[in-house]
Amino acid sequence: MSGGNVKGANAKAQKGMGWQGTVLRVDLTRGEVHKDPLNMEWANDYLGERGLATKYLYEMMDPKADAMSPENVLIFATGPLSGTMSSTSGRYAVVTKGPLTDAIACSNSGGKFGAFLKFAGYDMLIVEGRSEKPVYLNIADDTVEILSADDLWGKTVWETEEWIKTTHQNPQMKVASIGVAGETGNRYACVVNDLHRAAGRSGVGAVMGSKNLKAVAAWGTKGVAVDDPVTFMKAVSETHTALHESSGRKGLTKYGTHAMLDAMQKFGGLPTRNFEDVQFEGAKKIGSRAVREPNENGHVNLLTNKACFGCTIACGRIAHIDEKHFSIVNRPKYRHASGGLEYETAYAFGPLCGVDDVDALTFAGYMTNEHGYDPISFGGTLAAAMELYEMGVLTKEHTDGIELKFGSAEALVVMSEKTGKGEGFGKELALGSKRLCEKYGHPEVAMVVKGQEFAGYDSRALQGMGLGYATSNRGACHLKHDVFEPDMEDQTGKGKAEPCKTSQDQIAMIDSTGLCLFTAGDFGTEGYRKQVDAACPGDWSTERMLEIGERVWNLERMFNLEAGLTKADDTLPKRLLEIPAPSGTAKGKVAELDIMLPEYYELRGWGDDGVPTKDTLDRLGLAAR
Amino acid sequence: MQKALLIDPEKCTSCLQCELACSFEQEGVFNPAKSRIKVFEFEHGLKAIPYTCTQCSEAWCLHACPVEAITINEATGAKEVNPNTCVGCKVCTIACPFGTINYNADSGKVIKCDLCSGDPACAKACPTDAITYVDANWTGYDRMQEMALVGHGRPAKGAAQ
C-alpha cells in the first residue's frame with residue numbers, strides 16, 4: 001500500500017501561485033464576457049473559494065436585491081489549492097444570495113467540475129444580470145461562449161450533461177447544470193455537477209434558473225502551479241499520509257457519511273417525523289448496514305464508493321435500486337447505478353418523513369440529482385406537509401390524491417418526482433417548508449432557521465449544533481461549525497459558544513482553501529496552513545489563516561445585516577426551544593439557546609443586537625458602509 | 001527485474017490523483033489534460049478504469065516512427081520518446097492499437113508513459129493500490145492466487161454471497 005507517500009517535486013516543477021490570477025465575469029444581460037485580473041489584495045485577505053467569493057459578492061451587489069432578480073450575482077469559486085495534488089482538491093463553492101433564505105448562500109460541491117474550471121485558467125466565474133433567452137456557457141481554456149440553451153431548457157441534469165458532451169464532442173468536459181427545479185424557481189433548487197454532486201443548499205440553482213442560465217461546461221488544459229513545489233509536495237505527502245492512516249477516514253471510505261444515521265439513532269439526535277421524536281423505530285432498515293445486506297430478493301443496494309476530484313477519502317456512494325421495487329418496477333430507465341444514500345439524504349427522506357424503505361429513499365435521491373433540488377430541504381418540506389396532512393390542513397384534494405401520511409414510501413416516491421418536475425402538489429413542495437406552512441396558516445410547523453430546513457441532528461440532543469444552526473449565515477446547516485465532541489460529552493448549553501465560534505472560523509478558512517471539510521480532523525489547521533503557505537506567495541501563519549476565517553464569517557454576517565436580517569433571525573423553532581426531547585440520551589431537554597447565544601455574541605465581538613462592534617470590524621480590517 | 005504497471009479497476013475510485021501525479025512529474029504542473037495515464041468513467045460513475053501504455057515488447061509506435069525517436073529504456077523496458085528527435089508526425093499515434101501515445105499541441109511532440117524511469121508517480125500517488133508497479137513476469141499473480149482458491153471451492157470476489 002502506497003500509504004499516501006507521493007513523489008516529491010522534480011526539476012521540471014514550475015513556479016506559480018496557487019491561484020490562476022484571472023476571474024471570468026459574464027454579464028448575461030449584455031451578453032458580454034470579461035476576463036479580469038484577480039484582485040490580489042482581496043485574495044490575500046480572503047484566500048479563495050467561499051471567502052473570496054463572499055468578498056466579490058459583497059462588493060458587487062446590493063444585499064437588499066431580490067435573490068431572483070438580475071441584480072443578484074452568482075459566483076462559482078475555486079480556491080488556491082483547487083486542482084492541485086492536495087487531497088480533496090475538487091471542491092468549489094456557489095456563492096450568491098439565496099432565494100430560500102434571503103440571506104447569503106454558500107453551497108459547496110465536489111465532483112470534478114470545480115477543478116476543471118480552474119484548469120481552464122479561472123479562479124472564479126462570476127455571472128451577472130439575466131439573459132433574455134435560455135443559454136449555457138461553454139468554457140474551454142481561453143474560449144468562452146454564451147450559447148443558446150433552447151434545446152436544453154426542460155431537460156434533466158443527466159440529459160443536459162450528455163447533450164453538452166455530445167454536442168461539443170468532448171466527453172472529458174465537466175458540466176454544472178440545473179434541472180427543471182432550477183428553471184421553475186424551486187426555492188431549494190441545486191446546481192448539480194458530474195451527475196451526482198451538488199451545490200445543494202439555499203436555492204443556488206434557482207438563482208441560476210432566474211438568470212436563464214441552464215449550464216456551465218468547463219474543460220481546461222492549463223495546469224495549476226504552486227509557489228514552492230518542493231515544500232508543497234512535502235506538505236501534500238504528509239497530509240495524504242495523515243488521511244491514509246486515520247481511522248475516521250477509513251470509516252468514511254467504508255460507510256460514507258451514512259454511518260452517522262446509526263450513531264444519531266443510538267444517541268437520540270435523529271429528527272423523526274418532523275421533529276416529533278429524536279429516534280426512529282425504522283432506523284435499522286435504512287442504516288449503513290441495511291444498504292450492504294441483501295434484501296428479500298437478494299438485492300444489495302450499495303455497489304461501491306467513488307471519489308470527487310483529487311480525493312483520497314472517497315466517501316461518495318454508488319448504489320442501485322432493486323428492479324422489483326415499486327418505484328422502478330415498470331421503469332427500466334432507472335435500472336442503472338447512480339449516486340446512493342448519504343447521511344443527510346437518508347435522514348431527510350427516512351426518519352424525518354418516517355419512511356423506512358431503502359429503495360424508496362434511493363429513488364428519491366435519484367430524483368434530487370436528476371432534477372436538481374436539495375434533498376435536505378425537500379425532506380424537511382415533505383415532512384412538514386405530512387404533518388399538515390395529518391392535522392387535516394392538507395387533504396387529498398391538495399395532494400393529487402396521494403395519502404400524505406408519515407411513513408408512506410409511496411408519498412415520498414411520487415412527491416420526489418413531482419417536485420423535481422414541478423408538477424401538481426410538487427409545485428407547493430417547491431416553496432420550502434416556511435412558505436408552504438405560512439401559506440396554509442401554520443408557520444409553527446416549519447422546522448427551519450432563516451427559512452432553511454435542518455440537517456439530521458436534533459438541537460435538543462446536540463446543543464452546540466443548535467447554536468450553530470441558529471447562527472449559521474445561510475440558515476440551518478450542519479457544515480459551518482463542528483461542535484460534535486463537546487456535544488456528545490455534555491448535553492447542556494454550557495461551554496458550547498466557544499467551540500461553536502472557533503469551529504465556524506476554522507471551517508470558513510477550510511472552505512476558502514478549495515479543500516473538503518472532511519479532512520478537518522486529520523489535517524488540523526496546520527495541515528491547511530502548510531499547504532497554502534507552500535502554494536501561495538507570502539507568509540501564511542496560523543493566526544493569519546484563522547483570522548481569514550473570522551473575517552469571512554463577519555463579512556457574511558454584514559451581508560445578511562444589510563440584507564435586512566436581524567438578531568431575531570438567530571433563533572430556533574419553538575418546537576426545539578419549548579418541547580422537550582421525548583426519548584434518547586437528551587430525554588426531557590430543550591435547546592438551551594438562551595444560555596448560548598449571549599455568550600456567543602460576546603465571543604464574536606458583537607453587540608447585544610448581534611451587530612459586529614466597530615472594534616471587531618477594525619480588528620478584521622472590515623468597515624461598515 | 002523488469003517491472004510493469006498493474007491496473008486493477010475494481011479498486012479505482014476515480015480520484016485522478018494518478019493524473020495529477022503524472023502531469024506534475026512530466027510537465028511540472030498539476031494538469032490532468034497532459035497526463036499520460038487517463039481514468040475513464042462508465043455507467044453513471046459506477047466504473048472507473050485507469051488506462052495507460054502497457055509498454056509492448058514489439059511496440060507498434062517504436063516500429064512506426066520514421067525518425068527513430070522512440071527507443072527502449074533497457075533498465076525499465078519503457079518505450080521512451082526522445083523529444084529532441086521527435087518531429088511530431090503522429091504516425092505512432094496511428095500505429096498504436098491502444099491510443100496510449102498522443103500528440104501534445106503545446107510542444108509539437110508526442111507524449112506517452114515512460115514509467116518515470118522506474119519510479120512511476122501514478123502508482124505512488126494512488127491511494128487504493130488500483131495502480132501498482134510489480135514484477136513484469138507476474139502481473140497476473142494476485143488474480144491467479146485468487147482463482148486458485150476458487151478452484152478449491154471458495155467463491156470468487158464479487159460472486160453472490
# chains A, B, ... in the order shown; residues from 1 in each chain; ligands from 1

$ closest_atom_pairs --of "chain A" --to "chain B" --cutoff "8 Å" --atoms "only C-alpha atoms" --output "JSON lines"
{"residue": "A:Met1", "atom": "CA", "partner": "B:Asp129", "partner_atom": "CA", "distance": 6.0}
{"residue": "A:Ser2", "atom": "CA", "partner": "B:Lys124", "partner_atom": "CA", "distance": 5.7}
{"residue": "A:Gly3", "atom": "CA", "partner": "B:Pro127", "partner_atom": "CA", "distance": 6.5}
{"residue": "A:Gly4", "atom": "CA", "partner": "B:Pro127", "partner_atom": "CA", "distance": 6.0}
{"residue": "A:Asn5", "atom": "CA", "partner": "B:Lys124", "partner_atom": "CA", "distance": 6.5}
{"residue": "A:Val6", "atom": "CA", "partner": "B:Ala125", "partner_atom": "CA", "distance": 4.9}
{"residue": "A:Lys7", "atom": "CA", "partner": "B:Ala121", "partner_atom": "CA", "distance": 6.1}
{"residue": "A:Ala9", "atom": "CA", "partner": "B:Glu25", "partner_atom": "CA", "distance": 7.5}
{"residue": "A:Asn10", "atom": "CA", "partner": "B:Glu25", "partner_atom": "CA", "distance": 6.7}
{"residue": "A:Ala11", "atom": "CA", "partner": "B:Gly28", "partner_atom": "CA", "distance": 7.9}
{"residue": "A:Lys12", "atom": "CA", "partner": "B:Gly28", "partner_atom": "CA", "distance": 4.7}
{"residue": "A:Ala13", "atom": "CA", "partner": "B:Gly28", "partner_atom": "CA", "distance": 3.7}
{"residue": "A:Gln14", "atom": "CA", "partner": "B:Gly28", "partner_atom": "CA", "distance": 5.2}
{"residue": "A:Gly83", "atom": "CA", "partner": "B:Phe30", "partner_atom": "CA", "distance": 6.9}
{"residue": "A:Thr84", "atom": "CA", "partner": "B:Phe30", "partner_atom": "CA", "distance": 5.6}
{"residue": "A:Met85", "atom": "CA", "partner": "B:Leu20", "partner_atom": "CA", "distance": 6.1}
{"residue": "A:Phe119", "atom": "CA", "partner": "B:Asn31", "partner_atom": "CA", "distance": 7.0}
{"residue": "A:Leu195", "atom": "CA", "partner": "B:His44", "partner_atom": "CA", "distance": 7.3}
{"residue": "A:Gly220", "atom": "CA", "partner": "B:Ala33", "partner_atom": "CA", "distance": 7.2}
{"residue": "A:Thr221", "atom": "CA", "partner": "B:Ala33", "partner_atom": "CA", "distance": 5.1}
{"residue": "A:Lys222", "atom": "CA", "partner": "B:Asn31", "partner_atom": "CA", "distance": 6.4}
{"residue": "A:Gly223", "atom": "CA", "partner": "B:Asn31", "partner_atom": "CA", "distance": 4.2}
{"residue": "A:Val224", "atom": "CA", "partner": "B:Phe30", "partner_atom": "CA", "distance": 5.1}
{"residue": "A:Ala225", "atom": "CA", "partner": "B:Val29", "partner_atom": "CA", "distance": 5.1}
{"residue": "A:His244", "atom": "CA", "partner": "B:Pro127", "partner_atom": "CA", "distance": 7.6}
{"residue": "A:Leu303", "atom": "CA", "partner": "B:Leu46", "partner_atom": "CA", "distance": 7.8}
{"residue": "A:Thr304", "atom": "CA", "partner": "B:Leu46", "partner_atom": "CA", "distance": 7.3}
{"residue": "A:Asn305", "atom": "CA", "partner": "B:Thr13", "partner_atom": "CA", "distance": 6.7}
{"residue": "A:Lys306", "atom": "CA", "partner": "B:Thr13", "partner_atom": "CA", "distance": 4.5}
{"residue": "A:Ala307", "atom": "CA", "partner": "B:Cys15", "partner_atom": "CA", "distance": 5.1}
{"residue": "A:Cys308", "atom": "CA", "partner": "B:Cys15", "partner_atom": "CA", "distance": 5.7}
{"residue": "A:Phe309", "atom": "CA", "partner": "B:Cys15", "partner_atom": "CA", "distance": 4.9}
{"residue": "A:Gly310", "atom": "CA", "partner": "B:Cys15", "partner_atom": "CA", "distance": 4.8}
{"residue": "A:Cys311", "atom": "CA", "partner": "B:Cys15", "partner_atom": "CA", "distance": 5.3}
{"residue": "A:Thr312", "atom": "CA", "partner": "B:Pro127", "partner_atom": "CA", "distance": 5.8}
{"residue": "A:Ala314", "atom": "CA", "partner": "B:Thr13", "partner_atom": "CA", "distance": 6.5}
{"residue": "A:Ile318", "atom": "CA", "partner": "B:Leu46", "partner_atom": "CA", "distance": 6.2}
{"residue": "A:His336", "atom": "CA", "partner": "B:Glu43", "partner_atom": "CA", "distance": 7.4}
{"residue": "A:Ala337", "atom": "CA", "partner": "B:Leu46", "partner_atom": "CA", "distance": 6.2}
{"residue": "A:Ser338", "atom": "CA", "partner": "B:His44", "partner_atom": "CA", "distance": 5.7}

$ select_by_dssp --residues "stretch 184-260 of chain A" --states "strand (DSSP E)" --output "list of chain:residue names"
A:Val191, A:Val192, A:Asn193, A:Arg197, A:Ala198, A:Ala199, A:Leu213, A:Lys214, A:Ala215, A:Val216, A:Ala217, A:Ala218, A:Trp219

$ write_last_selection --atoms "all heavy atoms" --output "mmCIF file, in the first residue's frame"
data_model
loop_
_atom_site.group_PDB
_atom_site.id
_atom_site.type_symbol
_atom_site.label_atom_id
_atom_site.label_comp_id
_atom_site.auth_asym_id
_atom_site.auth_seq_id
_atom_site.Cartn_x
_atom_site.Cartn_y
_atom_site.Cartn_z
ATOM 1 N N VAL A 191 -27.453 23.375 -7.912
ATOM 2 C CA VAL A 191 -26.623 23.254 -9.104
ATOM 3 C C VAL A 191 -25.985 21.870 -8.990
ATOM 4 O O VAL A 191 -25.353 21.570 -7.981
ATOM 5 C CB VAL A 191 -25.521 24.330 -9.143
ATOM 6 C CG1 VAL A 191 -24.604 24.114 -10.343
ATOM 7 C CG2 VAL A 191 -26.142 25.720 -9.160
ATOM 8 N N VAL A 192 -26.203 21.020 -9.986
ATOM 9 C CA VAL A 192 -25.652 19.660 -9.941
ATOM 10 C C VAL A 192 -24.521 19.546 -10.953
ATOM 11 O O VAL A 192 -24.649 20.016 -12.086
ATOM 12 C CB VAL A 192 -26.727 18.602 -10.261
ATOM 13 C CG1 VAL A 192 -26.144 17.190 -10.170
ATOM 14 C CG2 VAL A 192 -27.912 18.736 -9.321
ATOM 15 N N ASN A 193 -23.400 18.962 -10.524
ATOM 16 C CA ASN A 193 -22.308 18.722 -11.465
ATOM 17 C C ASN A 193 -21.899 17.257 -11.434
ATOM 18 O O ASN A 193 -22.100 16.580 -10.417
ATOM 19 C CB ASN A 193 -21.096 19.627 -11.154
ATOM 20 C CG ASN A 193 -20.577 19.460 -9.744
ATOM 21 O OD1 ASN A 193 -21.143 20.011 -8.803
ATOM 22 N ND2 ASN A 193 -19.517 18.702 -9.594
ATOM 23 N N ARG A 197 -23.142 15.206 -7.933
ATOM 24 C CA ARG A 197 -22.530 16.084 -6.918
ATOM 25 C C ARG A 197 -23.265 17.414 -6.995
ATOM 26 O O ARG A 197 -23.552 17.882 -8.094
ATOM 27 C CB ARG A 197 -21.044 16.303 -7.213
ATOM 28 C CG ARG A 197 -20.226 15.062 -7.001
ATOM 29 C CD ARG A 197 -19.988 14.807 -5.527
ATOM 30 N NE ARG A 197 -20.247 13.412 -5.181
ATOM 31 C CZ ARG A 197 -20.498 12.983 -3.949
ATOM 32 N NH1 ARG A 197 -20.571 13.854 -2.954
ATOM 33 N NH2 ARG A 197 -20.723 11.738 -3.712
ATOM 34 N N ALA A 198 -23.562 18.027 -5.868
ATOM 35 C CA ALA A 198 -24.394 19.228 -5.924
ATOM 36 C C ALA A 198 -23.951 20.316 -4.971
ATOM 37 O O ALA A 198 -23.547 20.049 -3.843
ATOM 38 C CB ALA A 198 -25.843 18.863 -5.619
ATOM 39 N N ALA A 199 -24.029 21.542 -5.468
ATOM 40 C CA ALA A 199 -24.031 22.705 -4.588
ATOM 41 C C ALA A 199 -25.487 22.790 -4.172
ATOM 42 O O ALA A 199 -26.331 23.316 -4.885
ATOM 43 C CB ALA A 199 -23.584 23.953 -5.338
ATOM 44 N N LEU A 213 -29.783 30.723 -17.074
ATOM 45 C CA LEU A 213 -28.526 30.010 -17.331
ATOM 46 C C LEU A 213 -28.727 28.532 -17.010
ATOM 47 O O LEU A 213 -28.889 28.152 -15.867
ATOM 48 C CB LEU A 213 -27.400 30.606 -16.456
ATOM 49 C CG LEU A 213 -26.030 29.956 -16.578
ATOM 50 C CD1 LEU A 213 -25.482 30.041 -17.997
ATOM 51 C CD2 LEU A 213 -25.043 30.591 -15.585
ATOM 52 N N LYS A 214 -28.749 27.720 -18.037
ATOM 53 C CA LYS A 214 -29.039 26.294 -17.862
ATOM 54 C C LYS A 214 -27.824 25.509 -17.374
ATOM 55 O O LYS A 214 -27.951 24.603 -16.545
ATOM 56 C CB LYS A 214 -29.525 25.714 -19.204
ATOM 57 C CG LYS A 214 -29.805 24.222 -19.207
ATOM 58 C CD LYS A 214 -30.983 23.847 -18.326
ATOM 59 C CE LYS A 214 -31.280 22.342 -18.427
ATOM 60 N NZ LYS A 214 -32.353 21.942 -17.495
ATOM 61 N N ALA A 215 -26.664 25.840 -17.899
ATOM 62 C CA ALA A 215 -25.491 25.019 -17.580
ATOM 63 C C ALA A 215 -24.194 25.782 -17.803
ATOM 64 O O ALA A 215 -24.159 26.763 -18.547
ATOM 65 C CB ALA A 215 -25.487 23.752 -18.442
ATOM 66 N N VAL A 216 -23.155 25.298 -17.140
ATOM 67 C CA VAL A 216 -21.800 25.775 -17.394
ATOM 68 C C VAL A 216 -20.968 24.539 -17.697
ATOM 69 O O VAL A 216 -20.920 23.607 -16.889
ATOM 70 C CB VAL A 216 -21.198 26.502 -16.178
ATOM 71 C CG1 VAL A 216 -19.794 27.011 -16.506
ATOM 72 C CG2 VAL A 216 -22.087 27.651 -15.714
ATOM 73 N N ALA A 217 -20.328 24.520 -18.872
ATOM 74 C CA ALA A 217 -19.445 23.416 -19.229
ATOM 75 C C ALA A 217 -18.011 23.910 -19.135
ATOM 76 O O ALA A 217 -17.708 25.013 -19.586
ATOM 77 C CB ALA A 217 -19.746 22.941 -20.643
ATOM 78 N N ALA A 218 -17.158 23.121 -18.505
ATOM 79 C CA ALA A 218 -15.770 23.557 -18.342
ATOM 80 C C ALA A 218 -14.799 22.461 -18.767
ATOM 81 O O ALA A 218 -14.957 21.291 -18.426
ATOM 82 C CB ALA A 218 -15.511 23.946 -16.886
ATOM 83 N N TRP A 219 -13.801 22.882 -19.517
ATOM 84 C CA TRP A 219 -12.703 21.989 -19.872
ATOM 85 C C TRP A 219 -11.439 22.826 -19.930
ATOM 86 O O TRP A 219 -11.446 23.925 -20.512
ATOM 87 C CB TRP A 219 -12.963 21.302 -21.212
ATOM 88 C CG TRP A 219 -11.757 20.574 -21.719
ATOM 89 C CD1 TRP A 219 -11.045 20.840 -22.851
ATOM 90 C CD2 TRP A 219 -11.108 19.447 -21.109
ATOM 91 N NE1 TRP A 219 -9.997 19.967 -22.980
ATOM 92 C CE2 TRP A 219 -9.999 19.102 -21.924
ATOM 93 C CE3 TRP A 219 -11.334 18.714 -19.940
ATOM 94 C CZ2 TRP A 219 -9.135 18.046 -21.600
ATOM 95 C CZ3 TRP A 219 -10.472 17.658 -19.625
ATOM 96 C CH2 TRP A 219 -9.392 17.333 -20.457
#

$ residues_around --residues "stretch 357-361 of chain A" --least-positions-apart "2" --cutoff "9 Å" --atoms "only C-alpha atoms" --output "VMD selection string"
chain A and resid 282 285 to 287 290 to 291 301 320 to 322 325 to 327 341 345 to 346 349 to 350 355 363 to 366 409 to 410 412 to 413

$ atom_distance --atom1 "atom CA of B:Thr139" --atom2 "atom CA of B:Tyr103"
28.7 Å

$ residues_around --residues "stretch 444-446 of chain A" --least-positions-apart "6" --cutoff "10 Å" --atoms "only C-alpha atoms" --output "MDAnalysis selection string"
chainID A and resid 274:275 380:381 383:385 387:388 432:438 452:453 573:575

$ atom_distance --atom1 "atom CA of A:Ile75" --atom2 "atom CA of A:Thr54"
8.8 Å

$ residues_around --residues "stretch 584-594 of chain A" --least-positions-apart "3" --cutoff "10 Å" --atoms "only C-alpha atoms" --output "PyMOL selection string"
chain A and resi 264-270+277-279+458-467+470+488+490-494+497+570-581+597-600

$ atom_distance --atom1 "atom CA of A:Thr96" --atom2 "atom CA of A:Met17"
26.3 Å

$ residues_around --residues "stretch 563-567 of chain A" --least-positions-apart "4" --cutoff "8 Å" --atoms "only C-alpha atoms" --output "PDB file with N, CA, C and O atoms, in the first residue's frame"
ATOM      1  N   ASP A  62     -26.029  44.792  -4.180  1.00  0.00           N
ATOM      2  CA  ASP A  62     -26.737  45.316  -3.026  1.00  0.00           C
ATOM      3  C   ASP A  62     -27.394  44.132  -2.321  1.00  0.00           C
ATOM      4  O   ASP A  62     -28.240  43.447  -2.912  1.00  0.00           O
ATOM      5  N   PRO A  63     -27.016  43.876  -1.064  1.00  0.00           N
ATOM      6  CA  PRO A  63     -27.586  42.703  -0.365  1.00  0.00           C
ATOM      7  C   PRO A  63     -29.109  42.741  -0.270  1.00  0.00           C
ATOM      8  O   PRO A  63     -29.730  41.704  -0.031  1.00  0.00           O
ATOM      9  N   LYS A  64     -29.700  43.913  -0.469  1.00  0.00           N
ATOM     10  CA  LYS A  64     -31.163  44.005  -0.405  1.00  0.00           C
ATOM     11  C   LYS A  64     -31.838  43.514  -1.681  1.00  0.00           C
ATOM     12  O   LYS A  64     -33.054  43.307  -1.703  1.00  0.00           O
ATOM     13  N   ALA A  65     -31.077  43.348  -2.738  1.00  0.00           N
ATOM     14  CA  ALA A  65     -31.668  42.941  -4.017  1.00  0.00           C
ATOM     15  C   ALA A  65     -32.403  41.607  -3.873  1.00  0.00           C
ATOM     16  O   ALA A  65     -32.000  40.738  -3.091  1.00  0.00           O
ATOM     17  N   ASP A 102     -33.204  34.323   1.716  1.00  0.00           N
ATOM     18  CA  ASP A 102     -32.983  35.763   1.529  1.00  0.00           C
ATOM     19  C   ASP A 102     -31.763  36.228   2.309  1.00  0.00           C
ATOM     20  O   ASP A 102     -31.675  37.380   2.750  1.00  0.00           O
ATOM     21  N   ALA A 103     -30.826  35.327   2.472  1.00  0.00           N
ATOM     22  CA  ALA A 103     -29.541  35.603   3.130  1.00  0.00           C
ATOM     23  C   ALA A 103     -28.436  35.161   2.177  1.00  0.00           C
ATOM     24  O   ALA A 103     -28.714  34.609   1.102  1.00  0.00           O
ATOM     25  N   PHE A 559     -23.226  41.060   5.236  1.00  0.00           N
ATOM     26  CA  PHE A 559     -24.104  40.930   4.067  1.00  0.00           C
ATOM     27  C   PHE A 559     -25.536  40.711   4.538  1.00  0.00           C
ATOM     28  O   PHE A 559     -26.474  41.365   4.088  1.00  0.00           O
ATOM     29  N   ASP A 609     -27.164  43.445  20.112  1.00  0.00           N
ATOM     30  CA  ASP A 609     -28.056  43.439  18.949  1.00  0.00           C
ATOM     31  C   ASP A 609     -27.559  42.506  17.841  1.00  0.00           C
ATOM     32  O   ASP A 609     -28.148  42.433  16.765  1.00  0.00           O
ATOM     33  N   GLY A 610     -26.456  41.793  18.116  1.00  0.00           N
ATOM     34  CA  GLY A 610     -25.945  40.866  17.115  1.00  0.00           C
ATOM     35  C   GLY A 610     -25.195  41.538  15.978  1.00  0.00           C
ATOM     36  O   GLY A 610     -24.928  40.914  14.947  1.00  0.00           O
ATOM     37  N   VAL A 611     -24.837  42.789  16.165  1.00  0.00           N
ATOM     38  CA  VAL A 611     -24.105  43.521  15.128  1.00  0.00           C
ATOM     39  C   VAL A 611     -22.636  43.616  15.524  1.00  0.00           C
ATOM     40  O   VAL A 611     -22.336  43.972  16.668  1.00  0.00           O
TER      41      VAL A 611
END

$ residues_around --residues "B:Tyr51" --least-positions-apart "2" --cutoff "10 Å" --atoms "only C-alpha atoms" --output "PyMOL selection string"
chain B and resi 7+9+36-40+48-49+53-54+98-100+131

$ select_by_dssp --residues "chain B" --states "alpha helix (DSSP H)" --output "NGL selection string"
:B and (17-27 or 60-64 or 91-95 or 121-125 or 141-150)

$ closest_residue --among "A:Gly98, A:Gly205, A:Gly114, A:Gly451" --to "A:Asp569" --atoms "only C-alpha atoms"
A:Gly451
